[in-house]
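*Asks:* Sharing coords.txt, compact mmCIF, C-alpha atoms:
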```
# COMPACT_ATOMS: atom_id res chain seq x y z
CA MET A 1 -1.50 21.17 -32.65
CA ASN A 2 -2.13 21.72 -28.92
CA ARG A 3 -1.58 18.22 -27.51
CA GLU A 4 -2.47 19.26 -23.94
CA LEU A 5 -5.86 20.56 -25.05
CA GLU A 6 -6.38 17.44 -27.16
CA ALA A 7 -5.59 15.20 -24.16
CA LYS A 8 -7.98 17.18 -21.96
CA ALA A 9 -10.76 16.96 -24.59
CA ARG A 10 -10.25 13.21 -24.95
CA GLY A 11 -10.34 12.80 -21.17
CA LEU A 12 -13.67 14.62 -21.00
CA ALA A 13 -15.24 12.90 -24.02
CA GLY A 14 -18.68 11.56 -23.12
CA LEU A 15 -18.99 13.65 -19.96
CA LYS A 16 -21.45 16.49 -19.62
CA GLY A 17 -21.28 19.18 -16.99
CA HIS A 18 -24.12 21.19 -15.49
CA THR A 19 -23.94 24.49 -13.63
CA THR A 20 -26.69 25.48 -11.22
CA ASN A 21 -27.42 28.24 -8.76
CA LEU A 22 -28.83 25.73 -6.25
CA ASP A 23 -26.87 24.96 -3.09
CA ASN A 24 -25.76 21.32 -2.93
CA PRO A 25 -28.26 19.69 -5.31
CA SER A 26 -28.22 15.90 -5.15
CA PRO A 27 -26.87 14.01 -8.18
CA GLU A 28 -30.33 12.47 -8.64
CA PHE A 29 -31.90 15.95 -8.84
CA VAL A 30 -29.37 17.09 -11.47
CA ILE A 31 -29.86 13.95 -13.56
CA ASP A 32 -33.65 14.30 -13.33
CA ALA A 33 -33.40 17.95 -14.40
CA HIS A 34 -31.28 16.87 -17.38
CA HIS A 35 -34.03 14.44 -18.48
CA ARG A 36 -36.91 16.91 -18.18
CA PRO A 37 -36.45 18.54 -21.62
CA PHE A 38 -36.72 15.07 -23.16
CA GLN A 39 -39.96 14.46 -21.24
CA ILE A 40 -41.35 17.81 -22.36
CA GLU A 41 -40.48 17.08 -25.99
CA LYS A 42 -42.04 13.62 -25.67
CA SER A 43 -45.21 15.24 -24.32
CA PHE A 44 -45.45 17.61 -27.28
CA GLN A 45 -44.92 14.75 -29.73
CA MET A 46 -47.56 12.75 -27.87
CA SER A 47 -50.08 15.57 -28.09
CA LYS A 48 -49.45 15.97 -31.82
CA HIS A 49 -49.43 12.31 -32.82
CA ASP A 50 -51.17 10.10 -30.27
CA LEU A 51 -53.83 12.57 -29.13
CA LYS A 52 -54.30 13.92 -32.69
CA ALA A 53 -53.99 17.52 -31.46
CA ARG A 54 -53.95 20.04 -34.27
CA PRO A 55 -53.72 23.81 -34.38
CA ILE A 56 -56.98 25.49 -33.61
CA TYR A 57 -57.35 29.20 -34.08
CA HIS A 58 -59.12 30.95 -31.21
CA HIS A 59 -59.96 34.60 -31.01
CA THR A 60 -61.02 35.14 -27.42
CA ARG A 61 -59.06 34.66 -24.22
CA GLU A 62 -61.75 32.35 -22.80
CA SER A 63 -61.62 29.96 -25.76
CA ILE A 64 -57.80 29.92 -25.69
CA ASP A 65 -57.81 29.15 -21.96
CA ALA A 66 -60.45 26.46 -22.41
CA HIS A 67 -58.50 24.82 -25.24
CA LEU A 68 -55.23 24.83 -23.27
CA THR A 69 -57.00 23.43 -20.22
CA ILE A 70 -58.40 20.53 -22.22
CA VAL A 71 -55.05 19.81 -23.89
CA PHE A 72 -53.13 19.85 -20.61
CA ALA A 73 -55.78 17.75 -18.87
CA ALA A 74 -55.53 15.18 -21.68
CA LEU A 75 -51.76 15.26 -21.38
CA ALA A 76 -51.92 14.77 -17.60
CA VAL A 77 -54.31 11.82 -17.96
CA THR A 78 -52.09 10.36 -20.66
CA ARG A 79 -48.94 10.62 -18.54
CA PHE A 80 -50.83 9.12 -15.59
CA ILE A 81 -51.90 6.13 -17.71
CA GLU A 82 -48.34 5.64 -18.99
CA ASP A 83 -46.87 5.83 -15.49
CA ARG A 84 -49.39 3.41 -14.01
CA THR A 85 -49.44 0.82 -16.79
CA GLY A 86 -45.93 1.05 -18.22
CA TRP A 87 -47.54 1.11 -21.69
CA SER A 88 -47.13 3.87 -24.23
CA ILE A 89 -50.34 5.81 -24.74
CA LYS A 90 -50.33 4.68 -28.38
CA LYS A 91 -50.36 1.02 -27.29
CA PHE A 92 -53.05 1.70 -24.67
CA ILE A 93 -55.33 3.50 -27.13
CA ARG A 94 -54.92 0.80 -29.78
CA ALA A 95 -55.72 -1.94 -27.27
CA ALA A 96 -58.68 -0.18 -25.64
CA ARG A 97 -60.23 1.30 -28.79
CA ARG A 98 -61.55 -2.06 -29.98
CA TYR A 99 -63.71 -2.70 -26.91
CA HIS A 100 -67.10 -1.16 -26.34
CA THR A 101 -69.94 -1.55 -23.88
CA VAL A 102 -73.48 -0.97 -25.05
CA GLN A 103 -76.47 -0.62 -22.74
CA ILE A 104 -79.95 -1.07 -24.12
CA ARG A 105 -82.97 -0.04 -22.10
CA ALA A 106 -86.07 -2.13 -22.81
CA ALA A 107 -89.01 -1.21 -20.60
CA GLN A 108 -87.79 -1.78 -17.02
CA HIS A 109 -84.73 -3.77 -18.05
CA VAL A 110 -81.23 -2.66 -18.97
CA LEU A 111 -79.30 -5.09 -21.14
CA THR A 112 -75.53 -4.74 -21.30
CA ALA A 113 -73.46 -6.12 -24.14
CA GLU A 114 -69.69 -5.96 -24.05
CA ASP A 115 -66.72 -7.67 -25.61
CA PRO A 116 -64.57 -9.63 -23.16
CA LEU A 117 -61.30 -7.85 -22.39
CA PRO A 118 -58.00 -9.64 -22.89
CA ASN A 119 -56.01 -10.22 -19.71
CA ASP A 120 -53.30 -7.66 -20.46
CA LEU A 121 -55.85 -4.87 -21.01
CA ARG A 122 -57.81 -5.93 -17.91
CA ASP A 123 -54.55 -5.76 -15.91
CA ALA A 124 -53.79 -2.30 -17.34
CA PHE A 125 -57.24 -1.04 -16.28
CA ALA A 126 -56.67 -2.50 -12.81
CA GLN A 127 -53.36 -0.64 -12.52
CA ILE A 128 -55.06 2.62 -13.46
CA ASN A 129 -57.69 2.17 -10.76
```
Could you rewrite the structure in this file as structure tokens?
*Replies:*
Amino acid sequence: MNRELEAKARGLAGLKGHTTNLDNPSPEFVIDAHHRPFQIEKSFQMSKHDLKARPIYHHTRESIDAHLTIVFAALAVTRFIEDRTGWSIKKFIRAARRYHTVQIRAAQHVLTAEDPLPNDLRDAFAQIN
């Protein structure tokens, strides 16, 4: 058994090295780059589960582009909401889904009926604005 190699492996256990072609990247930049694949994977899981995205079969370039634009716009809005509120999009959707506003027009009058929002959801909406 190669004891020197074993000692070296034990000394490096838990450490991960990164090689880059960038000149003098900051440690923060390298750590952020290491976390990006996780964020990308989280985004794909979010689009499949929370946004209920499913495969759609398109045949023309325009419909493919339109579909991808809508999916990425929804993903961008979702990430924005998560960043602003600190909530997962699943939690935000569950909380907001129950509340509706209905406007009824009767002659010259508009009547508005809405459920009162709980404080935590009202605060989340304020953080988004």
*Asks:* Please indicate the distance in Å from atom CA of Pro116 of chain A to atom CA of Ala96 of chain A, rounded to one decimal place.
*Replies:*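 Rounded to one decimal, the two atoms are 11.4 Å apart.
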*Asks:* List the spatial neighbours of segment 97-104 of chain A as a PyMOL selection string - criterion: any atom at most 9 Å away, only C-alpha atoms, same-chain residues fewer than 4 positions off excluded.
*Replies:* chain A and resi 92-93+109-117
*Asks:* In terms of the shortest atom-to-atom distance over only C-alpha atoms, which of A:Met1, A:Asp65, A:Asp32, A:Ala124 is closest to Ile89 of chain A?
*Replies:* A:Ala124
*Asks:* With all atoms listed in the file as the atoms that count, which of A:Ala73, A:His58, A:Leu68, A:Lys42 lies nearest to Ser88 of chain A?
*Replies:*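 The shortest atom-to-atom distance to Ser88 of chain A comes from A:Lys42.
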*Asks:* Report, in Å to a single decimal, how far apart atom CA of Ala74 of chain A and atom CA of Glu62 of chain A are.
*Replies:*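 Computing it gives 18.3 Å between the two atoms.
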*Asks:* Counting all atoms listed in the file, which residue out of A:Leu12, A:Ala95, A:Ala33, A:Ile128 sits closest to Thr78 of chain A?
*Replies:*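 Smallest separation from Thr78 of chain A among the options: A:Ile128.
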*Asks:* Grab the atom CA of Phe125 of chain A to atom CA of Thr85 of chain A distance for me, in Å with one decimal place.
*Replies:* 8.0 Å
